[in-house]
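What follows is the content of input_25.tsv, which has TSV, C-alpha atoms:
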chain	number	residue	atom	x	y	z
I	1	LEU	CA	-6.06	-6.85	-15.19
I	2	GLU	CA	-2.89	-5.94	-17.06
I	3	THR	CA	-1.97	-8.92	-19.20
I	4	ARG	CA	1.69	-7.94	-19.31
I	5	VAL	CA	2.04	-10.49	-16.49
I	6	CYS	CA	0.77	-13.17	-18.89
I	7	GLY	CA	1.94	-14.65	-22.13
I	8	LYS	CA	0.87	-13.52	-25.56
I	9	PRO	CA	-2.89	-13.71	-26.25
I	10	ARG	CA	-4.02	-17.07	-27.54
I	11	ASP	CA	-4.70	-17.03	-31.23
I	12	SER	CA	-7.03	-19.98	-31.60
I	13	GLY	CA	-10.80	-19.79	-31.64
I	14	PRO	CA	-12.92	-16.65	-31.93
I	15	SER	CA	-11.14	-13.31	-31.67
I	16	GLY	CA	-13.13	-11.43	-29.04
I	17	ASP	CA	-15.55	-8.72	-30.13
I	18	SER	CA	-13.91	-8.11	-33.46
I	19	GLY	CA	-13.94	-11.64	-34.85
I	20	ARG	CA	-10.67	-10.88	-36.64
I	21	SER	CA	-7.16	-12.20	-36.36
I	22	PRO	CA	-5.52	-11.61	-32.99
I	23	ASP	CA	-3.00	-8.88	-33.77
I	24	ARG	CA	-2.64	-6.11	-31.21
I	25	SER	CA	-4.48	-3.56	-33.36
I	26	SER	CA	-7.70	-5.57	-33.67
I	27	ARG	CA	-7.70	-8.44	-31.17
I	28	HIS	CA	-9.95	-7.84	-28.17
I	29	LEU	CA	-8.53	-9.63	-25.15
I	30	ARG	CA	-10.62	-12.32	-23.51
I	31	GLU	CA	-10.52	-13.45	-19.90
I	32	SER	CA	-8.87	-16.71	-20.98
I	33	ASP	CA	-5.81	-14.76	-22.17
I	34	ALA	CA	-4.72	-14.20	-18.55
I	35	VAL	CA	-2.39	-17.21	-18.40
I	36	ARG	CA	1.14	-16.89	-17.10
I	37	PRO	CA	4.01	-18.09	-19.33
I	38	SER	CA	5.53	-21.45	-18.44
I	39	SER	CA	9.05	-20.03	-18.25
I	40	GLU	CA	9.96	-18.91	-14.73
I	41	LYS	CA	12.43	-16.41	-16.15
I	42	GLU	CA	9.72	-14.87	-18.31
I	43	LYS	CA	7.35	-14.76	-15.33
I	44	GLN	CA	9.89	-12.77	-13.33
I	45	ARG	CA	10.56	-10.43	-16.25
I	46	LEU	CA	6.86	-9.66	-16.66
I	47	LYS	CA	6.41	-9.30	-12.92
I	48	GLY	CA	9.12	-6.64	-12.97
I	49	LYS	CA	7.32	-4.75	-15.72
I	50	ASP	CA	3.98	-4.74	-13.93
I	51	SER	CA	3.87	-5.65	-10.24
I	52	TYR	CA	0.29	-4.40	-9.92
I	53	GLY	CA	-1.04	-6.77	-12.59
I	54	HIS	CA	1.08	-9.57	-11.13
I	55	LYS	CA	-0.52	-9.11	-7.70
I	56	LYS	CA	-4.04	-8.92	-9.09
I	57	LEU	CA	-3.58	-12.20	-10.91
I	58	ARG	CA	-2.09	-13.73	-7.75
I	59	CYS	CA	-5.33	-12.84	-5.94
I	60	GLU	CA	-7.31	-14.80	-8.52
I	61	GLU	CA	-4.89	-17.73	-8.28
I	62	TYR	CA	-5.19	-17.73	-4.48
I	63	LEU	CA	-8.99	-17.79	-4.69
I	64	ALA	CA	-8.77	-20.68	-7.15
I	65	ARG	CA	-6.72	-22.73	-4.70
I	66	LYS	CA	-8.91	-21.98	-1.69
I	67	SER	CA	-12.14	-22.47	-3.64
I	68	GLY	CA	-11.28	-26.12	-4.27
I	69	LYS	CA	-10.32	-26.63	-0.65
I	70	TYR	CA	-13.26	-24.90	1.02
I	71	ASN	CA	-15.87	-25.25	-1.73
I	72	PHE	CA	-16.87	-21.63	-2.27
I	73	ALA	CA	-17.53	-19.59	-5.39
I	74	SER	CA	-15.65	-16.44	-6.41
I	75	THR	CA	-16.12	-13.83	-9.09
I	76	SER	CA	-13.36	-11.43	-10.14
I	77	LEU	CA	-14.10	-8.26	-12.08
I	78	ARG	CA	-11.24	-7.04	-14.25
I	79	LEU	CA	-11.56	-3.29	-14.66
I	80	CYS	CA	-9.74	-1.31	-17.33
I	81	ASP	CA	-8.58	2.28	-16.84
I	82	VAL	CA	-11.35	3.77	-14.68
I	83	ILE	CA	-12.88	7.19	-15.35
I	84	GLY	CA	-15.72	8.95	-13.56
I	85	PRO	CA	-16.78	10.37	-10.20
I	86	TYR	CA	-14.46	9.65	-7.28
I	87	ASP	CA	-11.73	8.13	-9.45
I	88	ASN	CA	-8.67	8.86	-7.31
I	89	THR	CA	-5.90	7.99	-9.74
I	90	ASP	CA	-5.79	11.64	-10.95
I	91	ARG	CA	-5.20	10.46	-14.52
I	92	PHE	CA	-8.45	11.90	-15.84
I	93	TRP	CA	-8.44	14.93	-13.54
I	94	SER	CA	-4.90	15.94	-14.51
I	95	SER	CA	-5.81	15.57	-18.19
I	96	TYR	CA	-8.87	17.75	-17.67
I	97	LEU	CA	-6.85	20.48	-15.95
I	98	TRP	CA	-4.23	20.38	-18.71
I	99	PHE	CA	-6.76	20.98	-21.45
I	100	LYS	CA	-8.81	23.50	-19.46
I	101	TYR	CA	-5.98	25.76	-18.32
I	102	ALA	CA	-3.03	24.91	-20.54
I	103	GLY	CA	-4.56	23.85	-23.83
I	104	ASP	CA	-1.86	25.83	-25.63
I	105	GLN	CA	0.73	23.36	-24.28
I	106	PRO	CA	0.83	20.66	-26.97
I	107	VAL	CA	0.72	16.91	-26.56
I	108	ARG	CA	3.61	15.19	-28.32
I	109	SER	CA	2.64	13.47	-31.54
I	110	ASP	CA	3.68	9.82	-31.57
I	111	GLY	CA	2.26	6.39	-32.32
I	112	GLU	CA	0.76	6.12	-28.83
I	113	LEU	CA	-1.96	8.62	-29.76
I	114	GLN	CA	-3.43	6.01	-32.10
I	115	THR	CA	-3.50	3.32	-29.39
I	116	ARG	CA	-7.03	2.01	-28.90
I	117	LEU	CA	-8.34	1.99	-25.34
I	118	SER	CA	-10.78	0.11	-23.20
I	119	LEU	CA	-12.19	2.24	-20.39
I	120	THR	CA	-14.39	1.49	-17.39
I	121	SER	CA	-16.83	4.00	-15.95
I	122	SER	CA	-16.70	4.12	-12.15
I	123	GLN	CA	-20.50	4.00	-12.16
I	124	ASP	CA	-20.51	0.99	-14.49
I	125	ALA	CA	-18.16	-0.76	-12.06
I	126	VAL	CA	-20.74	-0.32	-9.30
I	127	SER	CA	-23.46	-1.62	-11.62
I	128	ALA	CA	-21.40	-4.72	-12.45
I	129	ILE	CA	-20.77	-5.46	-8.76
I	130	ILE	CA	-24.50	-5.24	-8.03
I	131	ARG	CA	-25.23	-7.57	-10.95
I	132	VAL	CA	-22.76	-10.14	-9.61
I	133	LEU	CA	-24.39	-10.01	-6.16
I	134	GLN	CA	-27.84	-10.40	-7.69
I	135	ASN	CA	-26.62	-13.47	-9.54
I	136	VAL	CA	-25.22	-15.21	-6.45
I	137	SER	CA	-28.56	-16.75	-5.52
I	138	GLY	CA	-29.53	-17.56	-9.09
I	139	PRO	CA	-30.52	-21.12	-10.04
I	140	GLY	CA	-27.23	-21.73	-11.84
I	141	ILE	CA	-25.21	-21.24	-8.64
I	142	ASP	CA	-27.49	-23.28	-6.38
I	143	SER	CA	-27.76	-26.32	-8.60
I	144	LYS	CA	-25.84	-29.49	-7.65
I	145	GLU	CA	-24.14	-29.48	-11.03
I	146	SER	CA	-22.95	-25.95	-10.40
I	147	ARG	CA	-21.68	-26.72	-6.90
I	148	ASP	CA	-19.75	-29.71	-8.19
I	149	SER	CA	-18.28	-27.88	-11.15
I	150	TYR	CA	-14.85	-26.34	-10.62
I	151	ARG	CA	-15.38	-23.91	-13.47
I	152	SER	CA	-18.71	-22.68	-12.10
I	153	ARG	CA	-17.05	-21.67	-8.83
I	154	LEU	CA	-14.39	-19.48	-10.43
I	155	LYS	CA	-15.40	-16.66	-12.74
I	156	SER	CA	-13.51	-13.67	-14.07
I	157	TYR	CA	-15.12	-10.97	-16.19
I	158	ASN	CA	-13.75	-7.99	-18.08
I	159	VAL	CA	-15.72	-4.84	-17.28
I	160	ALA	CA	-15.49	-1.97	-19.77
I	161	MET	CA	-17.53	0.25	-22.03
I	162	LYS	CA	-17.97	-1.15	-25.51
I	163	GLU	CA	-16.46	1.82	-27.34
I	164	THR	CA	-12.71	1.57	-27.92
I	165	PRO	CA	-11.53	5.04	-28.97
I	166	SER	CA	-8.00	5.90	-29.93
I	167	LEU	CA	-6.10	7.83	-27.29
I	168	LEU	CA	-6.32	10.99	-29.39
I	169	GLU	CA	-10.09	10.59	-29.81
I	170	PHE	CA	-10.45	10.16	-26.07
I	171	LEU	CA	-8.36	13.25	-25.30
I	172	ARG	CA	-10.42	15.30	-27.72
I	173	MET	CA	-13.57	14.21	-25.91
I	174	ILE	CA	-12.14	15.45	-22.61
I	175	ALA	CA	-10.97	18.69	-24.19
I	176	SER	CA	-14.37	19.37	-25.75
I	177	HIS	CA	-15.82	19.65	-22.24
I	178	ALA	CA	-12.83	21.42	-20.74
I	179	LYS	CA	-13.21	24.38	-23.11
I	180	GLN	CA	-16.95	24.88	-22.71
I	181	PRO	CA	-17.68	28.27	-21.07
I	182	ARG	CA	-18.92	27.98	-17.52
I	183	PRO	CA	-20.85	30.66	-15.63
I	184	ARG	CA	-18.77	32.86	-13.34
I	185	LYS	CA	-20.05	34.26	-10.07
I	186	ALA	CA	-21.01	37.95	-10.11
I	187	GLU	CA	-18.32	38.77	-7.53
I	188	ASP	CA	-15.68	37.09	-9.76
I	189	SER	CA	-16.62	39.34	-12.68
I	190	LYS	CA	-16.51	42.38	-10.40
I	191	GLU	CA	-13.02	41.48	-9.15
I	192	MET	CA	-11.75	41.01	-12.70
I	193	GLU	CA	-13.21	44.37	-13.75
I	194	GLU	CA	-11.52	46.09	-10.78
I	195	GLU	CA	-8.23	44.39	-11.70
I	196	LYS	CA	-8.60	45.56	-15.29
I	197	ASN	CA	-9.29	49.13	-14.19
I	198	ARG	CA	-6.20	49.07	-11.98
I	199	ASP	CA	-3.62	48.08	-14.59
I	200	GLY	CA	-5.50	48.27	-17.88
I	201	LYS	CA	-5.46	44.53	-18.52
I	202	THR	CA	-6.53	41.28	-16.97
I	203	ASP	CA	-5.79	37.60	-17.41
I	204	PRO	CA	-8.33	36.07	-19.78
I	205	SER	CA	-10.82	33.41	-18.76
I	206	PRO	CA	-9.29	29.90	-18.62
I	207	GLN	CA	-11.53	28.85	-21.51
I	208	SER	CA	-9.81	31.31	-23.86
I	209	TYR	CA	-6.65	29.21	-23.70
I	210	ASN	CA	-8.39	26.19	-25.19
I	211	ILE	CA	-7.79	26.54	-28.91
I	212	ASP	CA	-8.17	23.31	-30.91
I	213	VAL	CA	-7.31	21.29	-27.81
I	214	PRO	CA	-5.42	19.11	-27.52
I	215	MET	CA	-2.80	20.64	-29.75
I	216	VAL	CA	-0.52	17.95	-31.15
I	217	LYS	CA	3.06	18.73	-32.06
I	218	SER	CA	6.29	16.86	-32.60
I	219	LYS	CA	9.08	16.71	-30.05
I	220	ASP	CA	11.07	19.27	-32.04
I	221	GLU	CA	8.06	21.62	-32.01
I	222	GLY	CA	7.73	21.40	-28.23
I	223	GLY	CA	5.27	18.54	-27.88
I	224	ILE	CA	5.03	17.21	-24.31
I	225	PRO	CA	4.78	13.45	-23.70
I	226	TYR	CA	1.31	12.52	-22.45
I	227	PRO	CA	1.76	10.33	-19.32
I	228	TYR	CA	-1.69	9.19	-18.16
I	229	PHE	CA	-3.65	6.88	-20.48
I	230	PRO	CA	-3.49	4.04	-21.17
I	231	SER	CA	-1.96	2.52	-18.06
I	232	VAL	CA	-2.05	-0.90	-19.75
I	233	THR	CA	-0.54	-1.90	-23.06
I	234	ARG	CA	-2.31	-4.92	-24.55
I	235	GLY	CA	-5.17	-3.07	-26.20
I	236	PRO	CA	-8.97	-3.32	-25.90
I	237	VAL	CA	-10.78	-6.09	-24.06
I	238	SER	CA	-13.87	-8.10	-24.92
I	239	VAL	CA	-16.85	-7.83	-22.56
I	240	GLN	CA	-18.84	-10.60	-24.20
I	241	SER	CA	-18.36	-13.00	-21.26
I	242	ILE	CA	-20.16	-10.83	-18.71
I	243	VAL	CA	-22.81	-9.85	-21.24
I	244	LYS	CA	-23.56	-13.49	-21.98
I	245	ALA	CA	-23.19	-14.99	-18.49
I	246	LEU	CA	-24.77	-12.28	-16.32
I	247	LYS	CA	-26.91	-10.46	-18.90
I	248	TRP	CA	-25.06	-7.29	-17.95
I	249	GLU	CA	-24.51	-4.49	-20.42
I	250	PRO	CA	-22.45	-1.38	-19.66
I	251	PRO	CA	-25.16	1.17	-18.74
I	252	MET	CA	-23.12	4.16	-19.93
I	253	THR	CA	-21.82	5.17	-23.30
I	254	LEU	CA	-18.32	6.57	-23.47
I	255	ALA	CA	-19.67	10.05	-24.28
I	256	GLU	CA	-21.90	9.97	-21.18
I	257	ALA	CA	-19.07	8.74	-18.97
I	258	VAL	CA	-16.65	11.44	-20.14
I	259	LYS	CA	-19.29	14.14	-19.65
I	260	LYS	CA	-20.08	12.96	-16.10
I	261	ALA	CA	-16.40	12.73	-15.24
I	262	CYS	CA	-15.75	16.28	-16.48
I	263	GLU	CA	-18.73	17.60	-14.54
I	264	PHE	CA	-17.52	15.88	-11.39
I	265	PHE	CA	-13.96	17.17	-11.61
I	266	GLU	CA	-15.18	20.66	-12.47
I	267	MET	CA	-17.08	20.62	-9.20
I	268	ALA	CA	-14.18	18.96	-7.38
I	269	GLU	CA	-11.81	21.86	-8.13
I	270	THR	CA	-13.61	23.96	-5.51
I	271	ASP	CA	-15.09	21.24	-3.28
I	272	PHE	CA	-11.86	19.24	-2.88
I	273	PRO	CA	-9.00	21.79	-3.01
I	274	GLU	CA	-6.37	19.50	-1.48
I	275	GLU	CA	-7.11	16.74	-3.99
I	276	ALA	CA	-7.14	19.33	-6.79
I	277	ALA	CA	-3.67	20.44	-5.74
I	278	GLU	CA	-2.49	16.82	-6.01
I	279	ALA	CA	-3.93	16.55	-9.53
I	280	VAL	CA	-2.02	19.70	-10.49
I	281	LYS	CA	1.14	18.33	-8.88
I	282	ASN	CA	0.96	15.27	-11.15
I	283	LEU	CA	1.09	17.35	-14.34
I	284	PRO	CA	4.26	17.59	-16.45
I	285	ARG	CA	6.41	20.44	-15.13
I	286	ARG	CA	5.83	22.91	-17.96
I	287	VAL	CA	2.09	22.27	-17.94
I	288	ARG	CA	1.95	22.39	-14.14
I	289	SER	CA	3.41	25.88	-13.89
I	290	MET	CA	1.00	27.12	-16.53
I	291	VAL	CA	-2.02	25.55	-14.84
I	292	LYS	CA	-1.08	26.92	-11.41
I	293	SER	CA	-0.72	30.46	-12.72
I	294	ARG	CA	-4.01	30.33	-14.60
I	295	MET	CA	-6.08	28.68	-11.89
I	296	ARG	CA	-5.51	31.56	-9.47
I	297	PRO	CA	-7.67	34.24	-11.12
I	298	ALA	CA	-10.39	31.70	-11.75
I	299	PHE	CA	-10.72	30.50	-8.14
I	300	SER	CA	-9.44	33.34	-5.97
Do you think you could lay out the structure here as C-alpha cells?
Amino acid sequence: LETRVCGKPRDSGPSGDSGRSPDRSSRHLRESDAVRPSSEKEKQRLKGKDSYGHKKLRCEEYLARKSGKYNFASTSLRLCDVIGPYDNTDRFWSSYLWFKYAGDQPVRSDGELQTRLSLTSSQDAVSAIIRVLQNVSGPGIDSKESRDSYRSRLKSYNVAMKETPSLLEFLRMIASHAKQPRPRKAEDSKEMEEEKNRDGKTDPSPQSYNIDVPMVKSKDEGGIPYPYFPSVTRGPVSVQSIVKALKWEPPMTLAEAVKKACEFFEMAETDFPEEAAEAVKNLPRRVRSMVKSRMRPAFS
C-alpha cells in the first residue's frame, strides 16, 4: 500500500525494524502508518498523486465498515513492489532486458539510486496468502473474545523480504544475472558462423554488451533516467507484524528472488513473445531501439 495517500508516518513508539528515529532514510513503515490526514484538501491532493494507493486503502476502509455490520473477519496483505515469476508489471522484465542487451546505455546518476527499497517476491506473496488461510480456523479467531473484538476482525500486514537494498544495489543484482553467458543452440552458432563468412563480421553475443552493468553516468554524460523501481516513495516497510501474529517469515532471500525472476524472464523471452514485445515497448526510447536491434540475432 502506497502511503502517499496517508499522512506522515507517526513518530511515537518503536520505529519499525530499525528501532531508530523515524526519518525517511531509516524509519521502516508500520501498518499503523496508513492513516489518512484529517484535512479534506490534503486528502484530495494525495489522492491525485496516487489513485492506486487511494483505492487500495478505500478497500480496507470498506471492509472495516462492513465487518462491524455483518460480523466477519478480514485480512489485508500490503505488498511492496513485486518481483518474480508471472509478475506482469514489466518493471523487472524491462530492467532485465535493458541490462542484458543494452548495458552500455547508462542509468542516470541521481539521489534516487540510493533510495532503499522493500520488495515482495511473487512466490512469497503466495506463501503469505496460504498462511493467512491456515490461520483462519486457529483458536484465536474462533474464541468468543476474538469474535467480539473489533481489532481481531480487521488485520493488515505488510508483506516483503527483509532485505532493503538501495536501488543501485538492486539493479546490480539484476545485471549480474543478465550478463551471465547462456548456452546457445547449435543451429544458432551455425547461423552466426554463416553470417560471419558472408560479410566478414557478425554482431556479438548480447552478453558482450554487459560491461560493468549498470553503467551510471550524469545527465550531461548521457545518463538515462531509470523509470521502474521504486513505484512507491515512503521507503522500506516493517514486516514484524506478520512475523509476530502469523509466525510467517519470508521464505526467500532477496538474492534467491532476483535469481528466480531472472531465470523466469530469460525463459519468457522465447515462451511468451507477445509479452516480451510489451516489455521492450516499455523501455526508454534510446534503450528500446538498442534492445530491439540486439535481440534479433539472439532469437532469430
- Query: Near Pro227 (chain I), counting only C-alpha atoms, which residues have an atom at most 12 Å away, once you skip same-chain residues fewer than 5 positions from it, shown as a ChimeraX atom specification?
  - Reply: /I:90-92,94-95,98,107-108,112-113,167,232,282-285
Prev. selection, C-alpha atoms, output as a PDB file, in the frame of the given file:
ATOM      1  CA  ASP I  90      -5.790  11.640 -10.950  1.00  0.00           C
ATOM      2  CA  ARG I  91      -5.200  10.460 -14.520  1.00  0.00           C
ATOM      3  CA  PHE I  92      -8.450  11.900 -15.840  1.00  0.00           C
ATOM      4  CA  SER I  94      -4.900  15.940 -14.510  1.00  0.00           C
ATOM      5  CA  SER I  95      -5.810  15.570 -18.190  1.00  0.00           C
ATOM      6  CA  TRP I  98      -4.230  20.380 -18.710  1.00  0.00           C
ATOM      7  CA  VAL I 107       0.720  16.910 -26.560  1.00  0.00           C
ATOM      8  CA  ARG I 108       3.610  15.190 -28.320  1.00  0.00           C
ATOM      9  CA  GLU I 112       0.760   6.120 -28.830  1.00  0.00           C
ATOM     10  CA  LEU I 113      -1.960   8.620 -29.760  1.00  0.00           C
ATOM     11  CA  LEU I 167      -6.100   7.830 -27.290  1.00  0.00           C
ATOM     12  CA  VAL I 232      -2.050  -0.900 -19.750  1.00  0.00           C
ATOM     13  CA  ASN I 282       0.960  15.270 -11.150  1.00  0.00           C
ATOM     14  CA  LEU I 283       1.090  17.350 -14.340  1.00  0.00           C
ATOM     15  CA  PRO I 284       4.260  17.590 -16.450  1.00  0.00           C
ATOM     16  CA  ARG I 285       6.410  20.440 -15.130  1.00  0.00           C
TER      17      ARG I 285
END
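Rounded to one decimal, CA of Leu77 (chain I) and CA of Ser156 (chain I) lie 5.8 Å from each other.
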- Mind checking which residues fall within 8 Å of region 236-250 of chain I, counting only C-alpha atoms, ignoring those fewer than 2 positions away in the same chain, and posting them as a list in words?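 So the residues in contact are Gly16, Asp17, Arg27, His28, Leu29, Arg30, Glu31, Arg116, Leu117, Ser118, Asp124, Ala128, Arg131, Val132, Asn135, Tyr157, Asn158, Val159, Ala160, Met161, Lys162, Thr164, Arg234, Met252 and Thr253 of chain I.
Using all atoms listed in the file, the nearest neighbour of Ile83 (chain I) within the list I:Val136, I:Leu168, I:Leu119, I:Met267 is I:Leu119.
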- Of the candidates I:Arg153, I:Leu133, I:Glu163, I:Thr270, which one gets nearest to Gly68 (chain I) if we count all atoms listed in the file? I:Arg153
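From CA of Tyr96 (chain I) back to CA of Ala268 (chain I), the distance works out to 11.6 Å.
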- Which polymer residues have any atom within 8 Å of an atom of Tyr86 (chain I), counting all atoms listed in the file, with same-chain residues fewer than 2 positions away left out, as a ChimeraX atom specification? /I:84,88,122
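Using only C-alpha atoms, the nearest neighbour of Asp87 (chain I) within the list I:Met295, I:Ser176, I:Asp104, I:Glu275 is I:Glu275.
Here CA of Ser76 (chain I) and CA of Tyr52 (chain I) stand 15.4 Å from one another.
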- Item | Counting all atoms listed in the file, the option among I:Thr115, I:Gln105, I:Gln123, I:Gln134 closest to Val291 (chain I) |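 So, comparing all the options, the nearest one is I:Gln105.
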- Select, from I:Phe265, I:Pro85, I:Tyr101, I:Glu221, the residue with the minimum atom-to-atom distance to Ala125 (chain I), counting all atoms listed in the file.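 Smallest distance to Ala125 (chain I) is found for I:Pro85.
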- Top pick for closest residue to Arg294 (chain I), considering I:Glu256, I:Glu61, I:Ala102, I:Asp110 and counting all atoms listed in the file: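 Using all atoms listed in the file, Arg294 (chain I) sits closest to I:Ala102.
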